[in-house]
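Chemist: One structure coming up, written as C-alpha cells, with questions to follow.
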Amino acid sequence: MATLYLTHPCLVEHDTGPGHPERPDRIRAVEKVLAHETFDALIREEAPEGAEEDIARVHPRAYIEAIKNVAPARGLVYLDGDTPMSPGTLNVILHAVGAGTRAVDAVMTGEVQNAFCGVRPPGHHAEPSRAMGFCIFNSAAIAAEYARAKHGAERVAVVDFDVHHGNGTQAAFWSEKNLFYASSHQSPFYPGTGRTGETGVAGNIVNAPLRAGDGGREFRAAYKDLILPSLVNFAPDLLILSAGFDAHQEDPLAEINLVEEDFSWVTYQLAEVAQKWSGGRIVSMLEGGYSLNGLARSTAVHVAALMDAGR
C-alpha cells in the first residue's frame, strides 16, 4: 500500500514577520526535498479545509470564535509573544486541520497505509483554550478525536518526538484513558511541562525528558526503555506522530544532537509497533524544525521510512 502526502499552496501565507523561526521557508524546504524522484511513488493531494465541528472536539467553540474574530485584515496580531496571526493565517491553520482529518480518512478506510501531512504552523503547544508557542489549533489532537468520532477508533495514540514537550496534546488527552500521548523532549526547556510524573488519568501520558546535549544514544534509549513498551501496552487502533525535527543537531532553538539516522530509526520502530497493533495505520504531522537543512534532510528520511513501511 502507498503513502499519502498532504499539503497545500496556501501554507506559505501564514506570515510570521521578519526573523521569526516558524517561517514560510520551512514548508518550501519540505516541498523541495519531497520533489526528488526518490518520492515519486507518494500519492500527493492538496489538503482540504478543516471543519469547525472537527476542531470543536478539542477546542471549545468560544475559543474558535475568538481566533476567527482576532484574525487581522492586515498586519500582524499576537496571540502570545511567539504566536502571530497574519491575514492568511486562519486559512492556513484550517488547511492544517484538514490535512490531518483527510489523512485519518485515508488510512482508516485502507485507501493508503500511512500519510505524512506537510503543514505549518505546528500545533502541539495549542491547549484547548490557549494558543502558544507558534501553535493555534492542535491538529494532531483534532485528528485523534476525529478518528474516534468518524471511524470508531477506540484507542488512539500520539507519539511526539519534537524537541519541545507538547503540552497542548497532553492537556487535551489528560482525562481520556483511551487517548495516549508519549513525548521525548528536552527538559528543562520550553514550555516547562513534560516531567516523568505527569502520567494522566490512567497512565495514558508518558514523558521521556532528555537533557541538553543528549544525542542519539539517549534518544534511542528513551524509546526502547519507556515509550515503545508503553505504546505496545496501550495497543492503539491508530498511531499519530507529532513529527518535529527540531531535535536535530543543527537546529538553532534547542540543544539535542540528533541526526537524520535517529529520525529514520524512530520512524521504523514506531512503524513496527503500528504494524503489529494498528494494522500499520500511521498519520504523521509535521511539527517543529527550524534549521532548513536539518528539517529537509530529516523529513526526507522520515517520509522514506514511512514509504518503506507501507510497501
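Just so we're on the same page: first chain in the C-alpha cells is A, next is B, and so on; residues restart at 1 for each chain, and ligands are numbered from 1 in the order they show up.
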Leaving out stretch 283-292 of chain A and any residue of its chain fewer than 2 positions from it, which residues lie within 6 Å of it when counting only C-alpha atoms, given as a list of chain:residue names?

Modeler: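 Contacts, in chain order: A:Pro21, A:Asn114, A:Ala115, A:Phe116, A:Cys117, A:Gly118, A:Val119, A:Pro122, A:Ile240, A:Leu241, A:Ser242, A:Ala243, A:Gly244, A:Phe245, A:Asp246, A:Asp251, A:Gly294, A:Leu295.
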
Chemist: Any chance you could export the current selection's C-alpha atoms as a compact mmCIF listing (two decimals), in the first residue's frame?

Modeler:
# COMPACT_ATOMS: atom_id res chain seq x y z
CA PRO A 21 11.86 30.95 13.08
CA ASN A 114 0.08 5.76 6.09
CA ALA A 115 0.22 9.50 5.48
CA PHE A 116 2.51 12.48 6.03
CA CYS A 117 0.99 15.93 6.49
CA GLY A 118 3.49 18.62 5.50
CA VAL A 119 1.79 21.50 7.29
CA PRO A 122 2.94 23.36 14.39
CA ILE A 240 -0.45 9.60 15.03
CA LEU A 241 3.04 11.12 15.03
CA SER A 242 3.84 14.67 16.01
CA ALA A 243 6.91 14.75 13.79
CA GLY A 244 9.06 17.63 14.92
CA PHE A 245 12.63 17.76 13.65
CA ASP A 246 13.99 20.48 15.94
CA ASP A 251 18.54 23.35 14.95
CA GLY A 294 18.11 19.82 9.09
CA LEU A 295 14.36 19.96 8.55

Chemist: In stretch 173-203 of chain A, what's strand (DSSP E or B) per DSSP? Answer as number ranges by chain?

Modeler: A: 179-186

Chemist: Tell me, in Å to one decimal, how far atom CA of A:Asp262 is from atom CA of A:Leu306.

Modeler: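 Interatomic distance, atom CA of A:Asp262 to atom CA of A:Leu306: 14.2 Å.
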
Chemist: Kindly indicate which residue among A:Gly81, A:Pro24, A:Gly216, A:Gly50 lies nearest to A:Val266, using only C-alpha atoms for the distances.

Modeler: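 Nearest candidate to A:Val266 out of A:Gly81, A:Pro24, A:Gly216, A:Gly50: A:Gly216.
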
Chemist: When you look at A:Ala271 with a cut-off of 12 Å (counting only C-alpha atoms), what residues show up, excluding the ones that are within fewer than 3 positions of it in the same chain? I need them as a ChimeraX atom specification.

Modeler: /A:113-115,159,228,231-232,238-241,264-268,274-284,302-311

Chemist: Could you take the residues named above and write them with N, CA and C atoms, as a tab-separated table (two decimals), in the first residue's frame?

Modeler:
chain	number	residue	atom	x	y	z
A	113	GLN	N	-1.68	3.11	3.32
A	113	GLN	CA	-1.17	2.53	4.58
A	113	GLN	C	-0.89	3.61	5.61
A	114	ASN	N	-0.27	4.70	5.17
A	114	ASN	CA	0.08	5.76	6.09
A	114	ASN	C	0.11	7.08	5.34
A	115	ALA	N	0.29	8.17	6.08
A	115	ALA	CA	0.22	9.50	5.48
A	115	ALA	C	1.16	10.45	6.21
A	159	VAL	N	2.43	9.97	19.39
A	159	VAL	CA	3.82	9.95	19.83
A	159	VAL	C	4.52	11.16	19.24
A	228	LEU	N	8.31	2.95	23.64
A	228	LEU	CA	7.83	1.83	22.82
A	228	LEU	C	7.12	0.77	23.66
A	231	LEU	N	3.72	2.14	24.52
A	231	LEU	CA	2.86	2.17	23.34
A	231	LEU	C	2.33	0.78	23.03
A	232	VAL	N	3.18	-0.23	23.10
A	232	VAL	CA	2.74	-1.61	22.88
A	232	VAL	C	1.68	-1.99	23.90
A	238	LEU	N	-4.90	3.33	16.04
A	238	LEU	CA	-4.30	4.29	15.11
A	238	LEU	C	-3.15	4.97	15.81
A	239	LEU	N	-2.05	5.16	15.09
A	239	LEU	CA	-0.89	5.87	15.62
A	239	LEU	C	-0.72	7.18	14.86
A	240	ILE	N	-0.69	8.28	15.60
A	240	ILE	CA	-0.45	9.60	15.03
A	240	ILE	C	0.92	10.07	15.55
A	241	LEU	N	1.72	10.61	14.66
A	241	LEU	CA	3.04	11.12	15.03
A	241	LEU	C	3.05	12.63	14.97
A	264	SER	N	15.16	8.45	11.22
A	264	SER	CA	14.82	7.26	10.45
A	264	SER	C	14.57	6.08	11.38
A	265	TRP	N	15.46	5.90	12.34
A	265	TRP	CA	15.34	4.78	13.28
A	265	TRP	C	14.03	4.83	14.03
A	266	VAL	N	13.67	6.00	14.59
A	266	VAL	CA	12.45	6.06	15.40
A	266	VAL	C	11.22	5.85	14.53
A	267	THR	N	11.27	6.29	13.28
A	267	THR	CA	10.13	6.07	12.38
A	267	THR	C	9.94	4.58	12.13
A	268	TYR	N	11.03	3.87	11.86
A	268	TYR	CA	10.92	2.42	11.65
A	268	TYR	C	10.43	1.71	12.90
A	274	ALA	N	3.14	-0.08	14.95
A	274	ALA	CA	1.87	0.13	14.25
A	274	ALA	C	1.48	-1.10	13.43
A	275	GLN	N	2.47	-1.74	12.83
A	275	GLN	CA	2.17	-2.93	12.03
A	275	GLN	C	1.56	-4.03	12.89
A	276	LYS	N	2.04	-4.17	14.11
A	276	LYS	CA	1.57	-5.23	14.99
A	276	LYS	C	0.23	-4.91	15.64
A	277	TRP	N	-0.01	-3.63	15.94
A	277	TRP	CA	-1.18	-3.29	16.76
A	277	TRP	C	-2.19	-2.41	16.05
A	278	SER	N	-1.80	-1.72	15.01
A	278	SER	CA	-2.69	-0.73	14.38
A	278	SER	C	-2.92	-1.01	12.91
A	279	GLY	N	-2.62	-2.22	12.47
A	279	GLY	CA	-2.76	-2.51	11.05
A	279	GLY	C	-1.85	-1.68	10.18
A	280	GLY	N	-0.75	-1.16	10.77
A	280	GLY	CA	0.19	-0.32	10.04
A	280	GLY	C	-0.29	1.11	9.84
A	281	ARG	N	-1.43	1.46	10.42
A	281	ARG	CA	-2.02	2.78	10.18
A	281	ARG	C	-1.27	3.87	10.96
A	282	ILE	N	-0.66	4.79	10.22
A	282	ILE	CA	0.06	5.92	10.81
A	282	ILE	C	-0.34	7.20	10.08
A	283	VAL	N	-0.62	8.24	10.85
A	283	VAL	CA	-0.73	9.59	10.32
A	283	VAL	C	0.37	10.42	10.97
A	284	SER	N	1.26	10.96	10.17
A	284	SER	CA	2.36	11.78	10.68
A	284	SER	C	2.11	13.24	10.32
A	302	HIS	N	12.40	10.51	7.17
A	302	HIS	CA	11.15	10.13	7.84
A	302	HIS	C	10.12	9.63	6.82
A	303	VAL	N	9.93	10.39	5.76
A	303	VAL	CA	8.95	10.01	4.75
A	303	VAL	C	9.41	8.75	4.01
A	304	ALA	N	10.71	8.64	3.75
A	304	ALA	CA	11.22	7.43	3.10
A	304	ALA	C	10.94	6.20	3.95
A	305	ALA	N	11.09	6.32	5.26
A	305	ALA	CA	10.79	5.20	6.16
A	305	ALA	C	9.30	4.87	6.14
A	306	LEU	N	8.45	5.89	6.12
A	306	LEU	CA	7.00	5.63	6.02
A	306	LEU	C	6.67	4.90	4.73
A	307	MET	N	7.28	5.35	3.63
A	307	MET	CA	7.03	4.69	2.34
A	307	MET	C	7.49	3.24	2.37
A	308	ASP	N	8.65	3.00	2.96
A	308	ASP	CA	9.16	1.64	3.05
A	308	ASP	C	8.24	0.77	3.91
A	309	ALA	N	7.76	1.33	5.02
A	309	ALA	CA	6.86	0.58	5.90
A	309	ALA	C	5.53	0.28	5.24
A	310	GLY	N	5.13	1.15	4.30
A	310	GLY	CA	3.84	0.99	3.64
A	310	GLY	C	3.85	0.04	2.47
A	311	ARG	N	5.02	-0.44	2.08
A	311	ARG	CA	5.11	-1.32	0.91
A	311	ARG	C	4.58	-2.73	1.24

Chemist: Calculated over only C-alpha atoms, which of the candidates A:Tyr5, A:Tyr78, A:Tyr63, A:Phe189 has the smallest distance to A:Phe134?

Modeler: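 That would be A:Tyr78, the residue with the smallest distance to A:Phe134.
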
Chemist: Quick one: of A:Asn204, A:Thr299, A:Thr101, A:Asn178, who's nearest to A:Val30, counting only C-alpha atoms?

Modeler: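 Comparing A:Asn204, A:Thr299, A:Thr101, A:Asn178 against A:Val30, the winner is A:Thr299.
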
Chemist: I need the residue nearest A:Ala235 from this list: A:Arg155, A:His59, A:Arg23, A:Lys32. Use only C-alpha atoms for the distance.

Modeler: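 Ranking A:Arg155, A:His59, A:Arg23, A:Lys32 by distance to A:Ala235, first place goes to A:Arg155.
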
Chemist: Given only C-alpha atoms as the basis, pick out the residue of A:Ala126, A:Ala171, A:Leu258, A:Leu253 nearest to A:Asp214.

Modeler: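 Going through A:Ala126, A:Ala171, A:Leu258, A:Leu253 one by one, the smallest distance to A:Asp214 is for A:Leu258.
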
Chemist: Quick one: everything within 9 Å of stretch 37-46 of chain A, counting only C-alpha atoms, minus sequence neighbours fewer than 3 positions away in the same chain. Send it as a PyMOL selection string.

Modeler: chain A and resi 2-9+33-34+95+99+112+300+303-304+307

Chemist: To one decimal in Å, tell me the separation between atom CA of A:Pro188 and atom CA of A:Cys135.

Modeler: 20.0 Å

Chemist: For atom CA of A:His185 and atom CA of A:Leu210, quote the distance in Å rounded to one decimal.

Modeler: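 Value for the atom CA of A:His185-atom CA of A:Leu210 distance: 5.7 Å.
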
Chemist: Enumerate the residues of stretch 95-305 of chain A with a DSSP assignment of alpha helix (DSSP H), computed from the backbone, and present them as number ranges by chain.

Modeler: A: 95-108, 139-151, 167-173, 216-222, 228-234, 260-277, 292-305
